[in-house]
Structures are given as C-alpha cells and as structure tokens.
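This report refers to the structure that appears directly beneath it.
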2 protein chains.
Amino acid sequence: MKGIRRLAQQLDISIGTVSRALNGKPDVNEQTRARVLEAAAAMGYVPNQAGRSLREGSTKAIGFTIESGADTAGNGDNFFLGVIDGVQAAFSRHHLDLVVLPCSTEEDPSQYLRRMVARGMVDGMIISATHRRDARIELLANARLPFVALGRSGTPGPHPWIDLDFEGVVNRGVDRLVAKGHRRIAVGLPSNDINLGFVFFEGYKAALARHGIPFDPALIIRAGSSEQGGYQIAHELLNLPERPTAVILIYEMMAIGLYRRLNEAGVRPGRDIAVIGFREGPQSRFLSPPLTCFRLSLRDLGVALGESLLASMPAYAEIYPQGLVRRIWPLELVPGESDDFIIPR
Amino acid sequence: MKGIRRLAQQLDISIGTVSRALNGKPDVNEQTRARVLEAAAAMGYVPNQAGRSLREGSTKAIGFTIESGADTAGNGDNFFLGVIDGVQAAFSRHHLDLVVLPCSTEEDPSQYLRRMVARGMVDGMIISATHRRDARIELLANARLPFVALGRSGTPGPHPWIDLDFEGVVNRGVDRLVAKGHRRIAVGLPSNDINLGFVFFEGYKAALARHGIPFDPALIIRAGSSEQGGYQIAHELLNLPERPTAVILIYEMMAIGLYRRLNEAGVRPGRDIAVIGFREGPQSRFLSPPLTCFRLSLRDLGVALGESLLASMPAYAEIYPQGLVRRIWPLELVPGESDDFIIPR
DNA sequence: GCATGTCCCGTAAACGTTTACGACGATACT
DNA sequence: AGTATCGTCGTAAACGTTTACGGGACATGC
C-alpha cells in the first residue's frame, strides 16, 4: 500500500477526503484537514506525479530547451544559468518547476522537441535560439502547448516571443562608429540561419542607409558563434583587400577570439581598429583594452520570459493579463576603449 | 478517444495487441505488428508518458541537478553544457532522455532534490557540486533512486562518484612552483563547504609537507567561485603583510577577476607573481600573459558520468558491469606564461 | 479421436491521483 | 413536523498504459 492510500488507511479516512484535504478543497473539516496535513508531513508523503498528471493532464512543470555542447555556446559563460534563475523566480510562486531540456548537438532540434512534447512532461515550453523558419513553432502550435520563444522568427502565425534588441545594438554601434569617422564597418554574423542573424543584418543595412553609407557585402563575415568564430572573423577581416576600420560582433564569445587573432597580427583594438562586442561578460571588462559592449539583466529577462509563458497558459492568463507577448528587450551600452579608434578626416 | 485506444479502434484490434506490437513483445503476428507500426507512425502516435510511468514505475529519463544563478557559477555554463553533451551521448543509445534540474539560488538543494525525486519524473539522478556532508546523498539512497555524484563527499555509506583530480592539480601546481623557487604559495578556495574545497586543501597541505614547506593558514584565501571571487582573492593577497609569490586557483572564473585586480595594482602575473589557474577556458589562452592551467574533456567526463549511472541502474547493470564507480578524472597541464616568475635563490 | 502444443489475440486488472455524485446527519426554516 | 440547506465525507469512475491470464484456432503426435 503506497501513496495516498496508505495515508488514508493510517488516518482511517477515505482517500477522497485525504486528497481534498491536501489540495485545499473547501468541503473538508478544518480539523481533519489539519490531521491529514500533519500526517502527510510526518510520513513524508508527496503526491505521485505520474498519477496526478494522468488524471489532471497537467504536470506543474515547464520546459526550457537549449542546445548542449560547449563548443557551440556563443553566449558563453552563464547566459543560460542567469536566464534560468529568472524564469524560476517567475514560476516559483505558482509552484511550477522548471526542467531544462538540452538538445544534443547530434539531434535535430525539431525531432528532439517533438519527443519532449510527446513525453507529456511539461505544461509549457520555452524555446531558445529560434531560426528564421523554425519548425518547432508550428510543432508547438499544433500540439497546443503554451510556449514562448526567446528570439523572434519568420515563421508565420502569431506566437509570443521576447527577443534582444539587436536593432538597437547595431544602430547604436553604427552611430557611435560613424560619429568617429568610420565608414567601412564590418559585422560578424552567425553562419547558420538563426533568426538573430537576419535581424542584425537588416538592422545593419538600415543603419548604413541612414548614414548614406553604401552597403558592401564583403564586410559581412559569417562564422561560428564561439571564440573560434571570432578568431576566424578577425582572420578574414585582416585578409580583406580593403580592410575595414571597425567591426561589430553579434556574440559575446566572438570578442575573445577576435582579440586573439588581432593580437597575433599586431593590430590593437581601439588604436588600429574599432571593436564593438555584444554582451558584457566577466571577461569583457578585462580584455585589453576593455571592450565596448552591451549589458542586460539576465535574471530580469528570465522573469519576463516566465511571465510571458504564464500569460499564454489558460490557467494563469487572468493573473498575467498581458495577452500575446512580443517584446524587444533593451540592452545598455557599456563604453570601453576598444572603439576609441578615430578616423581622421 | 485518444492514445492507444484510438489506434486500436482504427485498426480494429484490441488495445493489448497494439501495446504488445509497439513494445516488441514476441507474441504478436509480424504482419499485424507491421500494420500497427505503420498506423502509429501515420497518425503520429506517441505513448503518454504519465500513463506509462504510472504503470511501469519508470520514466526513461534521468535528471541532472545543477545550481542556477549566473553569479554563483564558478565554472561558466559551458562547463555544464559540455558535460551534458557527453551524458546525452551515453544515454542516447538506450533511449534515455536527460533533463536538467536547476536548483534556484533561493532554495535549499536538499529540499529541491526531494521535490524532484518525489515528482517521479526520472529513473536516476546525477548530482553536482557535492558538499562535505551532503544530505542529498542520504536522500537518494533512502529513496533507492540510482544516482552518481559529480564530486566526492564525506557522507558515510558507499555511493558512486566521479570527481576531478584536485590532488593531481594541486600537486603538480605546487611541484611546478617549488621547482621555480617558490615557498610562499597561496591558494584560492571556495568559501562554502563544497567538498572540492576540502580535497584541494588536503592536497595542498600534503604537497607542502612533501617539500618540507611549513603550512601558513594566512595563505588560504576563501572567496566565491566567480570572477568576483578571484578579484577578492587578489585583493586580500595583495594586502597580506608578507605577500605570497605564487597562487593556485580552484575555479576557472577566478583567474579573470584575479588578473583584473592584479592589473589594477600593477602586479603582472608571470613577472611579479606566479599564477596557476584551474580549468582551461576560452579566455585562458587569451589572458595576458596566457594562463597556466589544466585541461579536461568535458564530453568524455559526461560520457563517464552517464555510464556510471547506467552501471548502478539494475536494468542496465549487466551491460555496464563496472559495479560501484569511484573515479578520479585526470586533468592535463597546459603550460602558459602566468607562472614564469622565478624566485632567485 | 483425443491429448498436447503453438501461435495469436482479447479481457481485465493495476499503477496513484482527482473529482463528480450521492449519502448522511445536523441545523434552519416554514 | 416536514422540508430545505449545509457541512462533511465515502464511493467509484476516469486518465493511458502494460501485462498476466485465459481462450480460440490450428497443427502435431499418439
């Protein structure tokens, strides 16, 4: 005899009453409820989730899919740990647990997500690293599983998302560089079709146009999102026939590899070339010279993500009346010295 | 009508036969099995995990608990991303899925683990960041849930673990420094009672004794595991009345903050003080001067962790006849220039 | 012809919950 | 007194799956 039955037997009450007592239902004597709660605590009873979710159709857990594999992590250090902490903060008050579902580098993200949805383990899903056309979004919509995406997508059909303000980053970056006389501004983009690459690219072209600078495809350098990617960007950039005087990066880790390659070539950021990095990290302050980059609160972003998901879950919609969330998350410029390089007129 | 019932109805077979066909049981006609499999694929049937695990008592998923919170992460999140990738590689061939369970900074890890175990969501557990006396180990043992710990523990009772070779790290570090004439060697340790701090500490004292160097408690500097911790270590180290000539760190991220503080003080690693860091990361090669540190394959470590857990799960024990795994994971020295500082005799 | 065995399949119970429904006694109201 | 209301509780069905059990059809051996 296990679970709620044992509890009921020990208290000599019916299992229905025990269940109602534990779940705070009204039609139970407060005195017996106290007895039940006390006994439950005493014998360390915890409801079996399988039984509960079989009956309920809900699991009180939500999933957060990320991509595993250290070498593919473009937003290094602790981007996800920070965001996750915020998501948990948003969910904890509703007694929802967060499970992180890492998609192996060897598996297709859509296939993986399909499996995880089918598991019926979660009541909602947060997906990250959205692509230009992302099959996962249609998949989640078809499964009618509430979800929110960390990152926009070109996939048709409305869906909630929160995305970083890449336009703002590239706009302020270009403005800042143009003000210092730069006109040949390179940009390091991801090599795959992740959506932020498109957003960044479009923002870049628009910013150039705003300043009347012609667009040169040679200045678009695509590489992996990691430190190696940054190294490769610097490498290609140095080999360009007409070397750019500035570069804007789209991933946090790129700056490290870029600095390394520039260093090897004797090209010093801030003196011989202007560099604007992406997200501030523990190392950006230490890079020499300090990197001009952008700051955001990972925890706040996580909280916003969590609340957006809650808003799209029927059971919590009235508590979070935000409707369908589509939100651009701002980043704050952190001036360093890596873009001190000024072009004399 | 949903699930296996719908499938059975559509095929006009009983649900028992459908289940047997899907699960590869022998007593089913191969022709009908083919029909069932085809129909299942056609209508995208996937078994409901709640129903299955309620009946089976198993979920085909294993958990990996980590601590969330960006500021508490001494080994950035690519540490876990790398390990996770290896764990998944070990599990994928058995169709076991990995779910990462991040314990919020605001919750007690034991309480959290208790909740997660009670969820009945996983068939096994990998725990990390083991403490000197870790209540989670007794908890898992009592729950009879197979588990393996990433990190040793002083908790009584045998349990499987894999841990990094902290003794080897501190031994080789001290040897290397002593060979260069150092005798006042500081060490940066974690401020909490995480077990690796004890192991490192004991190894440090043993290494000193081996070289006949008296132990000076003032050279033990405890700080957080993050970049800020490294900054604080450098700060305290610089203020010591008799300044050490060398320092060994225990966390990857500490090196960055330590360099920063040393830089502020005009003390250059490799010239004015010898520094040996812990794990090699994207930034360690770039730090100026390059950091002497240690390398390990995160993926291989993850594979070993996964296989150790499989070995302790009854259902897989005969495939992985390793018994109770207790394993010290080696690290490879990566010489840099940060410990080039030689003490003249 | 009968016992035995084999192959395939249907039936029903069980896993641990939650909840709709009804029952019971006590109280209040007409 | 009869009836309606209320508070409290027990009963049983349902969620979707797996599997022990048994039965029917057919073949084989005596």
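Following the order of the structure tokens, first chain is A, next is B, and so on, with residues numbered from 1 inside each chain and ligands from 1 in the order they appear.
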Least-squares Cα fit of chain B to chain A, output as a compact mmCIF listing (two decimals) with C-alpha atoms, in the first residue's frame:
```txt
# COMPACT_ATOMS: atom_id res chain seq x y z
CA MET B 1 0.26 -0.09 -0.06
CA LYS B 2 1.70 3.19 -1.11
CA GLY B 3 0.93 6.80 -1.61
CA ILE B 4 -2.35 8.31 -0.74
CA ARG B 5 -3.86 4.93 0.05
CA ARG B 6 -1.43 4.29 2.80
CA LEU B 7 -2.12 7.68 4.23
CA ALA B 8 -5.86 7.07 4.09
CA GLN B 9 -5.56 3.67 5.68
CA GLN B 10 -3.42 4.95 8.49
CA LEU B 11 -5.87 7.75 9.24
CA ASP B 12 -8.86 5.48 8.68
CA ILE B 13 -10.40 7.91 6.22
CA SER B 14 -11.26 7.40 2.62
CA ILE B 15 -8.71 8.26 -0.01
CA GLY B 16 -11.07 10.79 -1.55
CA THR B 17 -11.20 12.80 1.62
CA VAL B 18 -7.45 12.68 1.97
CA SER B 19 -7.02 13.97 -1.54
CA ARG B 20 -9.49 16.77 -0.97
CA ALA B 21 -7.87 17.69 2.29
CA LEU B 22 -4.44 17.89 0.70
CA ASN B 23 -5.61 19.89 -2.27
CA GLY B 24 -7.45 22.48 -0.23
CA LYS B 25 -10.90 21.59 -1.47
CA PRO B 26 -13.69 23.23 0.54
CA ASP B 27 -15.86 20.28 1.47
CA VAL B 28 -13.74 18.80 4.18
CA ASN B 29 -13.84 19.35 7.91
CA GLU B 30 -11.05 21.64 8.99
CA GLN B 31 -10.18 19.34 11.83
CA THR B 32 -9.75 16.30 9.64
CA ARG B 33 -7.84 18.44 7.16
CA ALA B 34 -5.40 19.30 9.90
CA ARG B 35 -5.01 15.63 10.79
CA VAL B 36 -4.36 14.75 7.18
CA LEU B 37 -1.81 17.48 6.66
CA GLU B 38 -0.02 16.53 9.81
CA ALA B 39 0.11 12.86 8.94
CA ALA B 40 1.25 13.65 5.41
CA ALA B 41 4.08 15.75 6.73
CA ALA B 42 4.96 13.12 9.30
CA MET B 43 5.33 10.28 6.84
CA GLY B 44 6.81 12.50 4.18
CA TYR B 45 4.06 11.92 1.72
CA VAL B 46 4.46 13.56 -1.65
CA PRO B 47 1.96 12.98 -4.43
CA ASN B 48 3.11 10.80 -7.28
CA GLN B 49 3.46 13.01 -10.27
CA ALA B 50 2.73 10.31 -12.81
CA GLY B 51 -0.61 9.52 -11.26
CA ARG B 52 -1.47 13.13 -10.87
CA SER B 53 -0.59 14.20 -14.36
CA LEU B 54 -2.28 11.18 -15.86
CA ARG B 55 -5.47 12.25 -14.20
CA GLU B 56 -5.01 15.98 -14.48
CA GLY B 57 -3.30 16.33 -17.78
CA SER B 58 -0.99 18.86 -16.14
CA THR B 59 2.41 18.49 -14.55
CA LYS B 60 3.20 21.78 -12.82
CA ALA B 61 6.48 21.90 -14.67
CA ILE B 62 7.63 23.89 -17.64
CA GLY B 63 10.49 23.17 -20.01
CA PHE B 64 13.28 25.34 -21.30
CA THR B 65 15.10 23.97 -24.29
CA ILE B 66 18.65 24.99 -24.99
CA GLU B 67 21.39 23.57 -27.15
CA SER B 68 24.08 21.65 -25.37
CA GLY B 69 27.65 21.36 -26.53
CA ALA B 70 30.31 23.64 -25.20
CA ASP B 71 31.79 24.50 -28.55
CA THR B 72 28.55 25.76 -30.00
CA ALA B 73 27.81 28.10 -27.14
CA GLY B 74 28.16 31.65 -28.31
CA ASN B 75 26.88 33.03 -25.10
CA GLY B 76 28.59 30.99 -22.45
CA ASP B 77 26.59 29.04 -19.98
CA ASN B 78 26.25 31.83 -17.54
CA PHE B 79 23.89 33.36 -20.03
CA PHE B 80 21.45 30.55 -19.55
CA LEU B 81 22.18 30.20 -15.87
CA GLY B 82 21.26 33.83 -15.41
CA VAL B 83 18.12 33.67 -17.50
CA ILE B 84 17.06 30.47 -15.81
CA ASP B 85 17.38 32.05 -12.43
CA GLY B 86 14.93 34.73 -13.48
CA VAL B 87 12.51 32.26 -15.00
CA GLN B 88 12.49 30.30 -11.79
CA ALA B 89 11.80 33.45 -9.82
CA ALA B 90 8.74 34.07 -11.96
CA PHE B 91 7.47 30.53 -11.58
CA SER B 92 8.26 29.81 -7.98
CA ARG B 93 5.30 31.72 -6.60
CA HIS B 94 2.99 29.48 -8.57
CA HIS B 95 4.79 26.34 -7.52
CA LEU B 96 5.84 25.60 -11.05
CA ASP B 97 9.17 23.92 -11.53
CA LEU B 98 11.57 24.50 -14.34
CA VAL B 99 13.27 21.70 -16.20
CA VAL B 100 15.97 22.48 -18.71
CA LEU B 101 15.93 20.29 -21.78
CA PRO B 102 19.26 20.34 -23.54
CA CYS B 103 19.16 19.35 -27.18
CA SER B 104 22.26 17.42 -28.08
CA THR B 105 24.37 18.72 -30.90
CA GLU B 106 23.78 15.43 -32.63
CA GLU B 107 20.01 15.65 -32.74
CA ASP B 108 17.68 17.76 -34.79
CA PRO B 109 16.09 20.38 -32.51
CA SER B 110 12.62 19.79 -33.93
CA GLN B 111 12.81 16.06 -33.45
CA TYR B 112 14.08 16.60 -29.96
CA LEU B 113 11.33 19.02 -29.11
CA ARG B 114 8.75 16.66 -30.49
CA ARG B 115 9.99 13.96 -28.18
CA MET B 116 9.97 16.25 -25.19
CA VAL B 117 6.49 17.51 -25.90
CA ALA B 118 5.29 13.95 -26.35
CA ARG B 119 6.75 13.02 -22.99
CA GLY B 120 3.97 15.09 -21.50
CA MET B 121 6.44 16.18 -18.89
CA VAL B 122 5.74 19.90 -19.07
CA ASP B 123 2.77 22.23 -19.22
CA GLY B 124 4.59 24.87 -21.19
CA MET B 125 7.79 25.44 -23.05
CA ILE B 126 10.38 28.10 -23.53
CA ILE B 127 12.47 27.68 -26.62
CA SER B 128 15.64 29.55 -27.43
CA ALA B 129 17.84 30.13 -30.43
CA THR B 130 14.93 30.55 -32.82
CA HIS B 131 15.67 30.19 -36.48
CA ARG B 132 14.42 32.14 -39.41
CA ARG B 133 11.93 29.47 -40.22
CA ASP B 134 11.52 27.43 -37.11
CA ALA B 135 9.61 24.17 -37.32
CA ARG B 136 9.42 24.05 -33.55
CA ILE B 137 6.98 26.93 -33.47
CA GLU B 138 4.48 25.19 -35.70
CA LEU B 139 5.04 22.02 -33.74
CA LEU B 140 4.20 23.67 -30.44
CA ALA B 141 1.25 25.48 -31.93
CA ASN B 142 -0.11 22.22 -33.30
CA ALA B 143 0.39 20.48 -30.00
CA ARG B 144 -1.46 23.36 -28.33
CA LEU B 145 1.24 23.60 -25.75
CA PRO B 146 1.70 27.10 -24.37
CA PHE B 147 5.11 28.46 -25.20
CA VAL B 148 7.20 31.55 -25.55
CA ALA B 149 10.30 31.96 -27.67
CA LEU B 150 13.49 33.64 -26.64
CA GLY B 151 14.05 35.15 -30.06
CA ARG B 152 11.80 36.16 -32.90
CA SER B 153 11.18 34.07 -35.97
CA GLY B 154 9.89 34.52 -39.45
CA THR B 155 7.55 31.59 -38.97
CA PRO B 156 3.99 32.61 -39.86
CA GLY B 157 1.29 32.68 -37.25
CA PRO B 158 1.36 34.78 -34.12
CA HIS B 159 3.31 33.50 -31.18
CA PRO B 160 4.71 35.12 -28.07
CA TRP B 161 8.37 36.01 -28.00
CA ILE B 162 10.90 38.17 -26.26
CA ASP B 163 14.00 39.08 -28.15
CA LEU B 164 17.07 41.17 -27.55
CA ASP B 165 17.19 44.56 -29.17
CA PHE B 166 19.59 43.68 -31.95
CA GLU B 167 18.46 46.64 -34.02
CA GLY B 168 19.25 48.93 -31.13
CA VAL B 169 22.65 47.36 -30.71
CA VAL B 170 23.63 47.64 -34.33
CA ASN B 171 22.11 51.10 -34.62
CA ARG B 172 23.98 52.51 -31.70
CA GLY B 173 27.10 50.68 -32.80
CA VAL B 174 27.01 52.09 -36.29
CA ASP B 175 26.09 55.58 -35.06
CA ARG B 176 28.95 55.55 -32.66
CA LEU B 177 31.42 54.38 -35.25
CA VAL B 178 30.22 56.74 -37.95
CA ALA B 179 30.55 59.63 -35.51
CA LYS B 180 34.19 58.66 -35.22
CA GLY B 181 34.63 58.79 -38.96
CA HIS B 182 34.28 55.12 -39.82
CA ARG B 183 32.67 54.15 -43.09
CA ARG B 184 33.97 50.64 -43.65
CA ILE B 185 32.26 48.83 -40.79
CA ALA B 186 32.35 45.05 -40.82
CA VAL B 187 29.96 42.84 -38.92
CA GLY B 188 30.41 39.32 -37.61
CA LEU B 189 27.31 37.25 -38.14
CA PRO B 190 26.39 33.66 -37.33
CA SER B 191 26.91 31.12 -40.08
CA ASN B 192 23.61 29.32 -39.62
CA ASP B 193 20.12 30.65 -40.21
CA ILE B 194 19.43 31.62 -36.64
CA ASN B 195 16.98 34.47 -36.65
CA LEU B 196 19.06 37.00 -34.80
CA GLY B 197 21.47 36.93 -37.72
CA PHE B 198 18.76 38.22 -40.03
CA VAL B 199 17.61 40.87 -37.58
CA PHE B 200 21.14 42.06 -37.08
CA PHE B 201 21.79 42.05 -40.79
CA GLU B 202 18.70 44.06 -41.61
CA GLY B 203 19.45 46.52 -38.84
CA TYR B 204 22.96 46.87 -40.13
CA LYS B 205 21.85 47.66 -43.66
CA ALA B 206 19.25 50.13 -42.42
CA ALA B 207 21.79 51.89 -40.24
CA LEU B 208 24.23 52.19 -43.12
CA ALA B 209 21.49 53.57 -45.35
CA ARG B 210 20.59 56.09 -42.72
CA HIS B 211 24.13 57.41 -42.90
CA GLY B 212 24.31 57.20 -46.67
CA ILE B 213 27.01 54.55 -46.57
CA PRO B 214 26.86 52.02 -49.42
CA PHE B 215 26.47 48.41 -48.39
CA ASP B 216 29.44 46.19 -49.16
CA PRO B 217 28.72 42.45 -48.95
CA ALA B 218 32.41 41.78 -48.38
CA LEU B 219 32.07 43.28 -44.92
CA ILE B 220 29.61 40.63 -43.83
CA ILE B 221 31.64 37.89 -42.23
CA ARG B 222 29.88 34.75 -41.14
CA ALA B 223 31.34 32.41 -38.57
CA GLY B 224 30.48 30.18 -35.65
CA SER B 225 29.22 31.80 -32.49
CA SER B 226 32.12 30.69 -30.33
CA GLU B 227 35.55 32.02 -29.55
CA GLN B 228 36.83 30.19 -32.62
CA GLY B 229 34.26 32.04 -34.67
CA GLY B 230 35.66 35.34 -33.48
CA TYR B 231 39.14 34.19 -34.37
CA GLN B 232 38.00 33.32 -37.84
CA ILE B 233 36.24 36.64 -38.27
CA ALA B 234 39.40 38.52 -37.40
CA HIS B 235 41.32 36.31 -39.76
CA GLU B 236 39.07 36.94 -42.73
CA LEU B 237 38.83 40.58 -41.86
CA LEU B 238 42.59 41.00 -41.90
CA ASN B 239 42.83 39.34 -45.29
CA LEU B 240 40.29 41.60 -46.93
CA PRO B 241 41.80 43.58 -49.81
CA GLU B 242 40.40 46.80 -48.42
CA ARG B 243 40.51 46.29 -44.70
CA PRO B 244 37.55 47.60 -42.66
CA THR B 245 38.32 50.10 -39.94
CA ALA B 246 35.71 48.81 -37.55
CA VAL B 247 33.80 45.66 -36.68
CA ILE B 248 30.67 44.90 -34.71
CA LEU B 249 30.15 41.44 -33.25
CA ILE B 250 26.96 39.58 -32.53
CA TYR B 251 28.08 37.06 -29.93
CA GLU B 252 29.69 37.52 -26.60
CA MET B 253 32.38 34.93 -27.09
CA MET B 254 33.46 36.20 -30.47
CA ALA B 255 35.32 39.12 -28.94
CA ILE B 256 37.79 36.85 -27.22
CA GLY B 257 38.84 35.01 -30.34
CA LEU B 258 38.83 38.21 -32.34
CA TYR B 259 41.19 39.87 -29.89
CA ARG B 260 43.42 36.85 -30.03
CA ARG B 261 43.76 36.91 -33.80
CA LEU B 262 44.18 40.67 -33.92
CA ASN B 263 46.85 40.39 -31.28
CA GLU B 264 48.73 37.84 -33.33
CA ALA B 265 48.67 40.24 -36.26
CA GLY B 266 49.83 43.14 -34.13
CA VAL B 267 46.59 44.98 -34.75
CA ARG B 268 45.43 46.60 -31.54
CA PRO B 269 41.72 47.19 -30.92
CA GLY B 270 41.00 50.82 -30.18
CA ARG B 271 44.15 52.00 -31.88
CA ASP B 272 44.30 50.24 -35.24
CA ILE B 273 40.72 49.05 -35.50
CA ALA B 274 37.49 49.81 -33.68
CA VAL B 275 35.72 46.85 -32.09
CA ILE B 276 32.26 46.76 -30.58
CA GLY B 277 31.35 43.52 -28.89
CA PHE B 278 28.00 42.16 -27.96
CA ARG B 279 27.14 41.18 -24.44
CA GLU B 280 29.15 42.23 -21.45
CA GLY B 281 30.70 39.31 -19.67
CA PRO B 282 33.22 38.74 -16.93
CA GLN B 283 36.00 38.91 -19.46
CA SER B 284 34.91 41.99 -21.41
CA ARG B 285 36.06 44.35 -18.72
CA PHE B 286 39.36 42.60 -18.58
CA LEU B 287 40.09 42.38 -22.25
CA SER B 288 42.84 44.78 -23.09
CA PRO B 289 41.75 47.33 -24.08
CA PRO B 290 38.36 47.05 -22.36
CA LEU B 291 35.64 46.07 -24.78
CA THR B 292 32.85 48.42 -25.72
CA CYS B 293 29.76 46.26 -25.46
CA PHE B 294 26.23 46.01 -24.17
CA ARG B 295 24.74 45.10 -20.85
CA LEU B 296 21.47 43.47 -19.94
CA SER B 297 20.00 41.95 -16.82
CA LEU B 298 19.77 38.23 -17.46
CA ARG B 299 17.60 37.71 -14.44
CA ASP B 300 15.10 40.38 -15.45
CA LEU B 301 14.98 38.90 -18.91
CA GLY B 302 14.26 35.52 -17.36
CA VAL B 303 11.48 36.93 -15.22
CA ALA B 304 9.91 38.54 -18.28
CA LEU B 305 10.15 35.27 -20.17
CA GLY B 306 8.51 33.39 -17.34
CA GLU B 307 5.67 35.88 -17.01
CA SER B 308 5.07 35.87 -20.73
CA LEU B 309 4.66 32.14 -20.66
CA LEU B 310 2.29 32.38 -17.71
CA ALA B 311 0.26 34.92 -19.63
CA SER B 312 -0.22 32.43 -22.42
CA MET B 313 -1.22 29.59 -20.14
CA PRO B 314 -4.99 29.49 -19.65
CA ALA B 315 -4.70 28.65 -15.98
CA TYR B 316 -2.73 31.80 -15.24
CA ALA B 317 -3.90 34.13 -17.94
CA GLU B 318 -6.11 36.20 -15.66
CA ILE B 319 -3.25 36.83 -13.26
CA TYR B 320 -0.97 37.97 -16.05
CA PRO B 321 -3.25 39.85 -18.41
CA GLN B 322 -0.53 40.70 -20.87
CA GLY B 323 -2.04 38.84 -23.76
CA LEU B 324 0.29 37.75 -26.51
CA VAL B 325 3.66 39.13 -25.57
CA ARG B 326 6.06 40.37 -28.21
CA ARG B 327 8.77 42.30 -26.60
CA ILE B 328 12.10 43.81 -27.54
CA TRP B 329 14.52 43.65 -24.66
CA PRO B 330 16.75 46.71 -24.31
CA LEU B 331 20.49 46.62 -23.83
CA GLU B 332 22.61 49.31 -22.29
CA LEU B 333 25.80 50.48 -23.91
CA VAL B 334 28.92 49.96 -21.84
CA PRO B 335 31.64 52.15 -23.30
CA GLY B 336 35.10 50.67 -23.32
CA GLU B 337 38.23 51.62 -25.17
CA SER B 338 38.08 49.09 -27.96
CA ASP B 339 36.34 51.56 -30.28
CA ASP B 340 38.52 54.59 -29.52
CA PHE B 341 40.06 54.39 -32.96
CA ILE B 342 39.15 57.61 -34.77
CA ILE B 343 39.46 58.06 -38.51
CA PRO B 344 40.94 61.43 -39.40
CA ARG B 345 39.09 63.22 -42.15
```
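Any residue of chain D with an atom no more than 7 Å from chain B counts as a contact; using only C-alpha atoms (C1' of nucleotides), that gives DG16, DT17 and DT18 of chain D.
Here C1' of DC9 (chain D) and C1' of DA13 (chain C) stand 27.3 Å from one another.
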Each chain C residue no farther than 7 Å from chain A, nearest pair in Å, only C-alpha atoms (C1' of nucleotides), as CSV:
```
residue,atom,partner,partner_atom,distance
C:DG16,C1',A:Gly51,CA,4.5
C:DT17,C1',A:Arg52,CA,4.6
C:DT18,C1',A:Arg55,CA,6.4
```
Residue selection dump (all heavy atoms) as a CSV table (one decimal), in the first residue's frame:
```
chain,number,residue,atom,x,y,z
C,16,DG,P,0.9,2.7,-6.6
C,16,DG,OP1,2.2,2.7,-5.9
C,16,DG,OP2,-0.2,1.8,-6.0
C,16,DG,O5',0.3,4.2,-6.7
C,16,DG,C5',1.1,5.2,-7.2
C,16,DG,C4',0.3,6.4,-7.4
C,16,DG,O4',-0.7,6.2,-8.4
C,16,DG,C3',-0.4,6.9,-6.1
C,16,DG,O3',-0.1,8.3,-6.0
C,16,DG,C2',-1.8,6.7,-6.4
C,16,DG,C1',-1.9,6.7,-7.9
C,16,DG,N9,-3.0,6.0,-8.5
C,16,DG,C8,-3.4,4.7,-8.2
C,16,DG,N7,-4.4,4.2,-8.9
C,16,DG,C5,-4.6,5.3,-9.8
C,16,DG,C6,-5.5,5.3,-10.9
C,16,DG,O6,-6.4,4.5,-11.3
C,16,DG,N1,-5.4,6.5,-11.6
C,16,DG,C2,-4.5,7.5,-11.3
C,16,DG,N2,-4.6,8.6,-12.1
C,16,DG,N3,-3.6,7.5,-10.3
C,16,DG,C4,-3.7,6.3,-9.6
C,17,DT,P,-0.5,9.1,-4.7
C,17,DT,OP1,0.7,9.6,-4.1
C,17,DT,OP2,-1.5,8.3,-4.0
C,17,DT,O5',-1.2,10.4,-5.4
C,17,DT,C5',-2.5,10.3,-5.7
C,17,DT,C4',-2.7,11.1,-7.0
C,17,DT,O4',-3.2,10.2,-7.9
C,17,DT,C3',-3.8,12.1,-6.7
C,17,DT,O3',-3.4,13.4,-6.9
C,17,DT,C2',-4.9,11.8,-7.7
C,17,DT,C1',-4.5,10.5,-8.4
C,17,DT,N1,-5.4,9.4,-8.2
C,17,DT,C2,-6.4,9.2,-9.1
C,17,DT,O2,-6.6,9.9,-10.0
C,17,DT,N3,-7.1,8.1,-8.9
C,17,DT,C4,-7.0,7.1,-7.9
C,17,DT,O4,-7.7,6.2,-7.8
C,17,DT,C5,-5.9,7.4,-7.0
C,17,DT,C7,-5.6,6.4,-5.9
C,17,DT,C6,-5.1,8.5,-7.2
C,18,DT,P,-4.2,14.6,-6.2
C,18,DT,OP1,-3.4,15.8,-6.3
C,18,DT,OP2,-4.6,14.1,-4.8
C,18,DT,O5',-5.5,14.7,-7.1
C,18,DT,C5',-5.4,15.2,-8.4
C,18,DT,C4',-6.8,15.1,-9.1
C,18,DT,O4',-7.3,13.8,-9.1
C,18,DT,C3',-7.9,16.0,-8.5
C,18,DT,O3',-8.5,16.7,-9.5
C,18,DT,C2',-8.8,15.0,-7.8
C,18,DT,C1',-8.6,13.8,-8.7
C,18,DT,N1,-8.9,12.5,-8.0
C,18,DT,C2,-9.8,11.6,-8.6
C,18,DT,O2,-10.4,11.9,-9.7
C,18,DT,N3,-10.0,10.4,-8.0
C,18,DT,C4,-9.4,10.0,-6.8
C,18,DT,O4,-9.6,8.9,-6.3
C,18,DT,C5,-8.5,11.0,-6.2
C,18,DT,C7,-7.7,10.6,-5.0
C,18,DT,C6,-8.3,12.1,-6.9
```
